[in-house]
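A.B. asks: Just coords-v4.cif, nothing more (mmCIF, C-alpha atoms):
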data_model
loop_
_atom_site.label_atom_id
_atom_site.label_comp_id
_atom_site.auth_asym_id
_atom_site.auth_seq_id
_atom_site.Cartn_x
_atom_site.Cartn_y
_atom_site.Cartn_z
CA MET D 1 139.64 106.98 -41.82
CA THR D 2 140.65 110.38 -40.52
CA ARG D 3 137.38 112.30 -40.91
CA HIS D 4 133.59 112.22 -40.41
CA HIS D 5 131.12 111.13 -43.06
CA LEU D 6 131.04 113.14 -46.25
CA THR D 7 128.50 115.89 -46.70
CA ASP D 8 125.82 115.61 -49.36
CA THR D 9 127.65 118.16 -51.48
CA GLU D 10 130.85 116.10 -51.28
CA ILE D 11 128.96 112.97 -52.33
CA LEU D 12 127.47 114.80 -55.30
CA ALA D 13 130.84 116.32 -56.16
CA LEU D 14 132.34 112.84 -56.21
CA HIS D 15 129.55 111.61 -58.43
CA PHE D 16 130.03 114.41 -60.92
CA ASP D 17 133.81 114.17 -60.65
CA THR D 18 134.24 117.71 -59.45
CA GLN D 19 135.72 116.72 -56.09
CA ARG D 20 139.42 117.60 -55.99
CA ASP D 21 139.86 116.70 -52.31
CA GLY D 22 141.90 113.50 -52.07
CA ASP D 23 140.73 112.86 -48.49
CA ALA D 24 137.14 112.49 -49.67
CA HIS D 25 138.19 109.77 -52.13
CA ASP D 26 140.09 107.99 -49.38
CA HIS D 27 137.14 108.23 -47.02
CA VAL D 28 134.66 106.77 -49.52
CA ALA D 29 137.01 103.90 -50.22
CA ALA D 30 136.94 102.99 -46.52
CA CYS D 31 133.39 104.00 -45.40
CA ALA D 32 130.50 101.68 -46.23
CA THR D 33 127.88 104.31 -45.23
CA CYS D 34 129.23 106.93 -47.63
CA GLN D 35 129.57 104.28 -50.34
CA ALA D 36 125.89 103.44 -49.89
CA ARG D 37 124.93 107.10 -50.05
CA GLY D 38 126.98 107.51 -53.21
CA ARG D 39 125.35 104.40 -54.74
CA ALA D 40 121.91 105.83 -53.94
CA VAL D 41 122.76 109.02 -55.84
CA THR D 42 124.10 107.02 -58.76
CA GLU D 43 121.01 104.80 -58.88
CA LEU D 44 118.66 107.76 -58.74
CA LEU D 45 120.46 109.59 -61.53
CA ASP D 46 120.77 106.44 -63.61
CA GLU D 47 117.03 106.03 -63.36
CA VAL D 48 116.54 109.65 -64.41
CA THR D 49 118.84 109.10 -67.37
CA ARG D 50 117.02 105.93 -68.44
CA ALA D 51 113.65 107.60 -68.14
CA THR D 52 114.59 110.73 -70.04
CA THR D 53 116.59 109.06 -72.80
CA SER D 54 114.10 106.25 -73.39
CA ASP D 55 111.35 108.84 -73.51
CA THR D 56 113.18 110.94 -76.07
CA ASP D 57 114.46 107.96 -78.07
CA ALA D 58 110.95 106.57 -78.35
CA LEU D 59 109.71 109.88 -79.72
CA PHE D 60 112.65 110.35 -82.08
CA GLY D 61 112.99 106.97 -83.73
CA GLY D 62 115.48 106.09 -86.46
CA GLU D 63 113.10 107.06 -89.23
CA MET D 64 112.43 110.46 -87.73
CA LEU D 65 116.13 111.12 -87.25
CA ALA D 66 116.78 110.15 -90.87
CA ARG D 67 114.09 112.56 -92.00
CA GLN D 68 115.53 115.27 -89.81
CA HIS D 69 119.01 114.62 -91.21
CA ALA D 70 117.68 114.94 -94.75
CA ARG D 71 115.93 118.21 -93.90
CA ILE D 72 119.05 119.66 -92.34
CA MET D 73 121.13 118.76 -95.38
CA GLY D 74 118.45 120.22 -97.66
CA ARG D 75 118.48 123.48 -95.76
CA VAL D 76 122.27 123.58 -95.80
CA ALA D 77 122.24 123.05 -99.57
CA GLN D 78 119.74 125.89 -99.85
CA GLU D 79 122.05 128.10 -97.80
CA CYS D 80 124.90 127.31 -100.18
CA ARG D 81 122.82 128.23 -103.20
CA SER D 82 121.57 131.47 -101.71
CA ALA D 83 125.15 132.54 -101.08
CA ARG D 84 125.53 133.59 -104.76
CA ILE D 85 126.33 137.32 -104.92
CA ILE D 86 124.29 139.39 -107.35
CA SER D 87 125.78 142.75 -108.34
CA PHE D 88 123.71 145.76 -107.35
CA PRO D 89 122.27 147.49 -110.43
CA THR D 90 123.85 150.91 -111.19
CA ALA D 91 120.70 152.28 -112.85
CA PRO D 92 117.09 151.19 -112.43
CA PRO D 93 116.10 148.84 -115.23
CA ALA D 94 113.73 150.24 -117.88
CA PRO D 95 110.22 148.90 -117.54
CA VAL D 96 109.47 146.31 -120.16
CA ARG D 97 106.03 146.55 -121.74
CA PRO D 98 104.55 144.04 -124.09
CA VAL D 99 104.21 145.60 -127.57
CA ARG D 100 101.71 144.24 -130.07
CA GLY D 101 102.31 144.53 -133.85
CA GLY D 102 98.97 146.27 -134.56
CA THR D 103 99.51 148.95 -131.93
CA ARG D 104 102.89 149.73 -133.44
CA TRP D 105 101.41 150.30 -136.95
CA VAL D 106 98.65 152.55 -135.65
CA ALA D 107 101.18 154.65 -133.75
CA ALA D 108 103.34 154.95 -136.89
CA ALA D 109 100.37 156.01 -139.00
CA VAL D 110 99.29 158.67 -136.48
CA ALA D 111 102.83 160.06 -136.31
CA ALA D 112 103.05 160.19 -140.11
CA GLY D 113 99.70 162.00 -140.29
CA VAL D 114 100.79 164.63 -137.77
CA ILE D 115 104.07 165.22 -139.64
CA LEU D 116 102.26 165.55 -143.01
CA GLY D 117 99.82 168.02 -141.47
CA ILE D 118 102.59 170.21 -140.09
CA VAL D 119 104.51 170.14 -143.39
CA GLY D 120 101.37 170.93 -145.37
CA GLU D 121 100.56 173.92 -143.16
CA HIS D 122 104.07 175.26 -143.64
CA VAL D 123 103.86 174.91 -147.41
CA THR D 124 100.47 176.68 -147.49
CA GLU D 125 101.79 179.52 -145.38
CA ARG D 126 104.81 180.00 -147.62
CA ILE D 127 102.69 180.13 -150.71
CA ALA D 128 100.46 182.76 -149.07
CA ARG D 129 103.45 184.88 -148.10
CA SER D 130 105.00 184.71 -151.58
CA GLY D 131 102.11 186.92 -152.92
CA ARG D 132 100.37 184.45 -155.23
CA PRO D 133 96.60 184.90 -155.19
CA VAL D 134 94.79 182.29 -153.26
CA ARG D 135 91.85 180.90 -155.16
CA PRO D 136 88.69 181.50 -153.19
CA PHE D 137 86.36 178.62 -152.51
CA ALA D 138 83.87 178.18 -155.28
CA VAL D 139 80.36 179.19 -154.28
CA PRO D 140 77.58 177.59 -156.22
CA ALA D 141 75.69 180.23 -158.23
CA VAL D 142 72.05 180.69 -157.43
CA GLN D 143 69.92 181.63 -160.32
CA VAL D 144 67.11 183.99 -159.36
CA VAL D 145 64.19 184.09 -161.76
CA ALA D 146 62.28 187.29 -161.62
CA GLU D 147 58.52 186.87 -161.74
CA PRO D 148 56.25 189.69 -162.81
CA GLY D 149 55.16 191.90 -159.93
CA VAL D 150 58.04 190.83 -157.71
CA ALA D 151 60.82 193.17 -156.96
CA VAL D 152 64.14 191.46 -156.99
CA ARG D 153 66.91 193.00 -154.96
CA ALA D 154 70.46 192.12 -154.75
CA VAL D 155 71.08 190.29 -151.53
CA SER D 156 74.36 190.37 -149.83
CA THR D 157 75.07 186.91 -148.41
CA SER D 158 77.79 187.90 -146.07
CA SER D 159 76.48 185.54 -143.41
CA ASP D 160 73.80 182.95 -142.79
CA ASP D 161 71.98 185.21 -140.32
CA ASP D 162 71.73 188.05 -142.85
CA PHE D 163 70.59 185.65 -145.48
CA TYR D 164 67.82 184.21 -143.34
CA GLY D 165 66.82 187.72 -142.24
CA GLN D 166 66.43 188.74 -145.86
CA VAL D 167 64.35 185.64 -146.51
CA GLU D 168 61.99 186.55 -143.68
CA LEU D 169 61.61 190.08 -145.03
CA ALA D 170 60.96 188.88 -148.54
CA PHE D 171 58.42 186.37 -147.28
CA GLY D 172 56.50 189.10 -145.46
CA SER D 173 56.42 191.52 -148.41
CA ALA D 174 56.20 189.39 -151.54
CA ALA D 175 53.68 186.93 -152.92
CA PRO D 176 54.29 183.26 -152.16
CA ALA D 177 54.76 182.41 -155.80
CA ALA D 178 57.83 184.55 -155.93
CA LEU D 179 59.39 182.50 -153.18
CA ARG D 180 58.89 179.13 -154.70
CA PRO D 181 62.53 178.69 -155.63
CA LEU D 182 63.30 179.28 -152.01
CA ASP D 183 60.63 176.84 -150.92
CA VAL D 184 62.52 174.17 -152.76
CA LEU D 185 65.42 174.92 -150.54
CA THR D 186 63.38 175.41 -147.32
CA PRO D 187 60.20 173.41 -147.58
CA ARG D 188 59.40 173.79 -143.88
CA VAL D 189 58.84 177.50 -144.16
CA THR D 190 56.08 176.83 -146.68
CA ASP D 191 54.58 174.13 -144.46
CA VAL D 192 54.35 176.54 -141.57
CA ARG D 193 52.78 179.29 -143.61
CA GLU D 194 50.29 177.12 -145.47
CA MET B 1 130.85 106.07 -57.94
CA THR B 2 131.94 108.83 -60.29
CA ARG B 3 129.82 109.15 -63.34
CA LEU B 4 131.44 111.66 -65.65
CA PRO B 5 134.94 110.81 -66.76
CA ARG B 6 137.06 113.93 -66.92
CA ARG B 7 137.99 114.84 -70.49
CA ALA B 8 141.55 113.96 -71.42
CA GLU B 9 143.86 116.95 -71.47
CA THR B 10 147.04 117.80 -73.29
CA THR B 11 149.65 120.52 -72.97
CA ASP B 12 150.45 122.49 -76.11
CA PRO B 13 153.97 123.77 -76.97
CA THR B 14 153.25 127.08 -75.21
CA GLY B 15 152.52 125.24 -71.96
CA VAL B 16 148.73 125.78 -72.01
CA VAL B 17 146.66 122.77 -70.92
CA ARG B 18 143.92 122.04 -73.40
CA PRO B 19 141.36 119.24 -73.63
CA VAL B 20 142.09 116.52 -76.15
CA LEU B 21 139.77 117.26 -79.03
CA SER B 22 137.03 114.85 -80.00
CA LYS B 23 136.38 113.40 -83.44
CA GLU B 24 133.57 115.94 -83.84
CA SER B 25 136.02 118.79 -83.24
CA GLU B 26 138.36 117.38 -85.89
CA ILE B 27 135.52 117.14 -88.41
CA ALA B 28 134.36 120.66 -87.61
CA GLY B 29 137.90 121.95 -88.15
CA ALA B 30 138.08 120.17 -91.50
CA ILE B 31 134.73 121.64 -92.56
CA LYS B 32 135.91 125.11 -91.66
CA ALA B 33 139.06 124.63 -93.74
CA LEU B 34 137.02 123.42 -96.72
CA VAL B 35 134.62 126.36 -96.50
CA LEU B 36 137.50 128.81 -96.31
CA ALA B 37 139.05 127.15 -99.37
CA GLY B 38 135.77 127.64 -101.24
CA GLN B 39 134.99 123.91 -101.44
CA ARG B 40 131.45 124.16 -100.12
CA ASP B 41 130.22 120.92 -101.65
CA ALA B 42 132.97 118.92 -99.99
CA ALA B 43 132.29 120.77 -96.75
CA ARG B 44 128.64 119.84 -96.99
CA GLU B 45 129.49 116.17 -97.32
CA ARG B 46 131.64 116.25 -94.21
CA PHE B 47 128.92 118.18 -92.43
CA GLY B 48 126.50 115.32 -93.02
CA GLU B 49 128.83 113.10 -91.06
CA LEU B 50 129.01 115.61 -88.21
CA VAL B 51 125.21 115.89 -88.07
CA ALA B 52 124.84 112.11 -87.87
CA ARG B 53 127.29 111.96 -84.95
CA GLN B 54 125.66 114.70 -82.89
CA GLN B 55 122.02 114.39 -83.85
CA ARG B 56 120.84 111.99 -81.14
CA ARG B 57 122.49 114.00 -78.38
CA ALA B 58 121.10 117.24 -79.78
CA VAL B 59 117.58 115.86 -79.87
CA ARG B 60 117.80 114.71 -76.24
CA ILE B 61 118.96 118.13 -75.08
CA ALA B 62 116.36 120.00 -77.12
CA TYR B 63 113.53 117.76 -75.95
CA GLN B 64 114.49 118.23 -72.32
CA TYR B 65 114.33 121.96 -72.82
CA LEU B 66 111.17 122.17 -74.86
CA ARG B 67 109.15 119.02 -74.02
CA ASP B 68 107.60 119.16 -77.47
CA VAL B 69 108.58 116.96 -80.42
CA HIS B 70 108.00 119.54 -83.15
CA ASP B 71 109.74 122.36 -81.30
CA ALA B 72 112.69 120.09 -80.47
CA ASP B 73 112.94 119.02 -84.10
CA GLU B 74 112.89 122.63 -85.24
CA ALA B 75 115.48 123.70 -82.66
CA VAL B 76 117.87 120.92 -83.69
CA GLN B 77 117.52 121.72 -87.38
CA ASP B 78 118.07 125.42 -86.78
CA ALA B 79 121.12 124.75 -84.62
CA PHE B 80 122.81 122.57 -87.25
CA VAL B 81 122.07 125.05 -90.04
CA LYS B 82 123.52 127.83 -87.89
CA VAL B 83 126.61 125.74 -87.25
CA PHE B 84 127.22 125.36 -90.98
CA THR B 85 126.58 129.00 -91.83
CA HIS B 86 128.87 130.19 -89.03
CA ILE B 87 131.47 127.44 -89.23
CA THR B 88 134.18 129.97 -90.09
CA SER B 89 133.82 131.46 -86.61
CA TYR B 90 134.45 128.08 -84.93
CA ARG B 91 137.67 128.03 -82.88
CA GLU B 92 139.40 124.72 -83.49
CA GLU B 93 141.22 124.70 -80.17
CA LEU B 94 137.90 124.34 -78.29
CA PRO B 95 135.63 121.28 -78.19
CA PHE B 96 133.00 121.40 -80.92
CA GLU B 97 130.38 119.99 -78.53
CA VAL B 98 130.63 123.04 -76.28
CA TRP B 99 130.20 125.46 -79.19
CA PHE B 100 127.35 123.46 -80.67
CA THR B 101 125.58 123.06 -77.32
CA ARG B 102 125.69 126.78 -76.77
CA ILE B 103 124.06 127.41 -80.16
CA LEU B 104 121.44 124.74 -79.51
CA VAL B 105 120.60 125.93 -75.99
CA ASN B 106 120.23 129.54 -77.17
CA GLY B 107 117.91 128.33 -79.93
CA CYS B 108 115.85 126.34 -77.43
CA LEU B 109 115.54 129.33 -75.12
CA ASP B 110 114.42 131.51 -78.03
CA LEU B 111 111.81 128.95 -79.04
CA ARG B 112 110.59 128.67 -75.47
CA LYS B 113 110.18 132.43 -75.28
CA ALA B 114 108.32 132.44 -78.59
CA ARG B 115 106.06 129.64 -77.35
CA ALA B 116 105.33 131.54 -74.13
CA ARG B 117 104.34 134.57 -76.21
CA ARG B 118 102.06 132.40 -78.35
CA LEU B 119 100.44 130.73 -75.36
CA ARG B 120 99.81 134.07 -73.69
CA TRP B 121 97.03 134.69 -76.19
CA ALA B 122 95.87 131.14 -76.67
CA LEU B 123 92.63 129.87 -75.20
CA PRO B 124 93.08 127.31 -72.43
CA MET B 125 92.37 124.00 -74.11
CA SER B 126 93.92 120.58 -74.05
CA SER B 127 96.57 120.21 -76.71
CA GLN B 128 99.05 117.58 -77.72
CA THR B 129 101.80 119.23 -75.69
CA ASP B 130 99.75 118.78 -72.54
CA ALA B 131 99.23 115.12 -73.21
CA PRO B 132 101.51 112.69 -71.41
CA PRO B 133 104.45 111.47 -73.47
CA PRO B 134 103.93 108.19 -75.27
CA GLU B 135 104.93 105.02 -73.60
CA PRO B 136 108.68 104.46 -73.83
CA VAL B 137 110.25 101.27 -75.04
CA ALA B 138 110.87 99.20 -71.94
CA PRO B 139 112.52 95.82 -71.50
CA ARG B 140 109.66 94.48 -69.37
CA THR B 141 107.18 92.32 -71.14
CA ASN B 142 103.91 92.28 -69.28
CA ALA B 143 101.35 95.07 -69.51
CA GLU B 144 101.40 95.89 -65.80
CA ALA B 145 105.16 96.31 -65.74
CA ARG B 146 104.98 98.54 -68.80
CA LEU B 147 102.33 100.67 -67.16
CA ILE B 148 104.39 101.08 -64.00
CA SER B 149 107.43 101.94 -66.07
CA ALA B 150 105.46 104.51 -68.06
CA GLN B 151 104.12 106.07 -64.89
CA ARG B 152 107.58 106.28 -63.38
CA THR B 153 108.95 107.87 -66.57
CA GLN B 154 106.17 110.40 -66.43
CA THR B 155 106.86 111.10 -62.77
CA ILE B 156 110.53 111.70 -63.47
CA GLY B 157 109.69 113.91 -66.43
CA THR B 158 107.32 115.94 -64.29
CA ALA B 159 109.92 116.24 -61.53
CA ILE B 160 112.52 117.53 -64.00
CA GLY B 161 109.94 119.93 -65.36
CA ARG B 162 109.37 121.33 -61.88
CA LEU B 163 113.00 122.31 -61.49
CA PRO B 164 113.76 126.02 -61.78
CA ASN B 165 114.91 126.94 -65.29
CA ARG B 166 118.58 127.42 -64.52
CA GLN B 167 118.80 124.22 -62.48
CA ARG B 168 117.07 122.21 -65.21
CA GLU B 169 119.36 123.72 -67.81
CA VAL B 170 122.50 122.82 -65.91
CA PHE B 171 121.19 119.38 -64.99
CA THR B 172 120.25 118.61 -68.59
CA LEU B 173 123.64 119.61 -69.90
CA CYS B 174 125.67 117.91 -67.17
CA HIS B 175 123.67 114.76 -66.81
CA ILE B 176 121.77 114.13 -70.02
CA ALA B 177 124.15 115.75 -72.50
CA GLU B 178 127.06 114.35 -70.44
CA GLN B 179 129.11 117.51 -70.42
CA THR B 180 131.57 118.34 -67.68
CA THR B 181 130.87 121.27 -65.37
CA ALA B 182 133.74 123.13 -67.04
CA GLU B 183 132.16 122.66 -70.47
CA VAL B 184 128.73 123.69 -69.19
CA SER B 185 130.22 126.81 -67.61
CA ARG B 186 131.70 127.74 -71.01
CA ALA B 187 128.46 126.91 -72.83
CA LEU B 188 126.26 128.97 -70.50
CA GLY B 189 128.74 131.70 -69.69
CA LEU B 190 128.62 130.93 -65.95
CA SER B 191 131.44 130.26 -63.52
CA GLU B 192 132.17 126.62 -62.82
CA ALA B 193 131.33 127.09 -59.14
CA THR B 194 127.89 128.47 -60.07
CA VAL B 195 127.29 125.52 -62.37
CA ARG B 196 128.15 123.13 -59.53
CA VAL B 197 125.77 124.91 -57.16
CA HIS B 198 122.89 124.71 -59.66
CA LEU B 199 123.68 121.10 -60.44
CA PHE B 200 123.75 119.93 -56.85
CA ARG B 201 120.59 121.86 -56.01
CA ALA B 202 118.87 120.26 -58.98
CA VAL B 203 119.83 116.75 -57.85
CA ARG B 204 118.68 117.42 -54.30
CA LYS B 205 115.38 118.82 -55.48
CA LEU B 206 114.84 115.87 -57.83
CA ARG B 207 115.57 113.48 -55.01
CA THR B 208 113.04 115.21 -52.78
CA LEU B 209 110.37 115.36 -55.46
CA LEU B 210 110.75 111.70 -56.39
CA ARG B 211 110.77 110.61 -52.75
CA ASP B 212 107.55 112.53 -52.19
CA GLU B 213 106.00 110.87 -55.20
CA GLU B 214 107.04 107.44 -53.93
CA ALA B 215 105.59 108.21 -50.50
CA LEU B 216 102.30 109.24 -52.09
CA ALA B 217 102.25 106.11 -54.21
#
Step by step, read the file and then write its structure as structure tokens.

C.D. replies:
Amino acid sequence: MTRHHLTDTEILALHFDTQRDGDAHDHVAACATCQARGRAVTELLDEVTRATTSDTDALFGGEMLARQHARIMGRVAQECRSARIISFPTAPPAPVRPVRGGTRWVAAAVAAGVILGIVGEHVTERIARSGRPVRPFAVPAVQVVAEPGVAVRAVSTSSDDDFYGQVELAFGSAAPAALRPLDVLTPRVTDVRE
Amino acid sequence: MTRLPRRAETTDPTGVVRPVLSKESEIAGAIKALVLAGQRDAARERFGELVARQQRRAVRIAYQYLRDVHDADEAVQDAFVKVFTHITSYREELPFEVWFTRILVNGCLDLRKARARRLRWALPMSSQTDAPPPEPVAPRTNAEARLISAQRTQTIGTAIGRLPNRQREVFTLCHIAEQTTAEVSRALGLSEATVRVHLFRAVRKLRTLLRDEEALA
């Protein structure tokens, strides 16, 4: 034995096998005190190992480890599936709308109606431009019966306002009997007057 | 007296000394080759074998870091999934355990940070994580012996928990995960001398804490 007792660091280095110094190994082999110190370190750390591993092993039993293994493999399988490469679309996809049969027919009918209207207008316009007389709308003839003592004048019915104005004038100047045909048409006027 | 056997080493044709690779490293290399060949299903089958071999060790490491069953479970799952998704970046000349431990430890640290953020806003109330760990399986038979054993386990757990983060990290990897100081230095990105310093300080502190507990008892 050529040296003093080992330091604590040297004892720990021997325990963890990081001691390269050959003298330290030789010393421990010959020194009972240093051997005892080394054994104390080993016992302490063995106890720590037992405590920590038994603690963990009790918490993570075989069943739990099996479950964990299954979960890991499930996640790995998921990773493999998600690795499929999808090509990036070159143009945005057109929005897809649900189309019902009835809606489609209504739309077709409306479109056809619009087209017929436009065509009809064109035809009418062409006929008008070609110089053919357009038949005026038929106006129902009103027969005016002249009563004795009532002056009958020709009334221009250019508009409704003129017509009603003439009626008011006639009502103020003529006898009620002369206006009877008009009363048939406008009974309220008579009601108001009578 | 020595506890950790030094990993066997070999010299490659270029004269570089490399550690003899474990079975796990061989499997990881095979998985990488299968993935690169596009045989993902076959790779998955081999990966199941690798998970089974490393699962127990991974759980012990994660639990020492997180002290919570659910968080440890999550960290281990995440680490294995990451290993599979990044298997093509695994370097076959290095031990798989070192690579895997690094991934696992980083995951544990991330989870711990996330938990700290969560707890920052949580109301102080007793939760399951605060509860003492369940009674471990012990060889003793009578109730008193089991109780003493449980108390001692709890004391040791508390003492480890009181270690500074870096010391606990190094101690867990060297002692519980049974990695060499060289492997831990690679896993944590520290020099081997720094790892040794943290490791020895951790052991000394543990010894002091446990002695104090014994004296109080």

A.B. asks: Counting all atoms listed in the file, what is within 8 Å of Val76 of chain B, bar same-chain residues fewer than 2 positions away, as a PyMOL selection string?

C.D. replies: chain B and resi 55+58-59+62+72-74+78-80+104

A.B. asks: Apply the PyMOL selection byres ((chain D) within 7 of (chain B)) to the structure shown and report the selected residues as a count of residues only.

C.D. replies: 22

A.B. asks: What's around Lys23 of chain B at 10 Å? Count all atoms listed in the file, leave out sequence neighbours fewer than 2 positions away in its own chain, and write the answer as a VMD selection string.

C.D. replies: chain B and resid 20 to 21 25 to 29 50 53 95 to 96

A.B. asks: Please compute the atom CA of His5 of chain D-atom CA of Cys34 of chain D distance, one decimal, in Å.

C.D. replies: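 The value is 6.5 Å.
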
A.B. asks: What is the distance, in Å and to one decimal place, between atom CA of Arg118 of chain B and atom CA of Leu173 of chain B?

C.D. replies: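 Straight-line distance from atom CA of Arg118 of chain B to atom CA of Leu173 of chain B works out to 26.5 Å.
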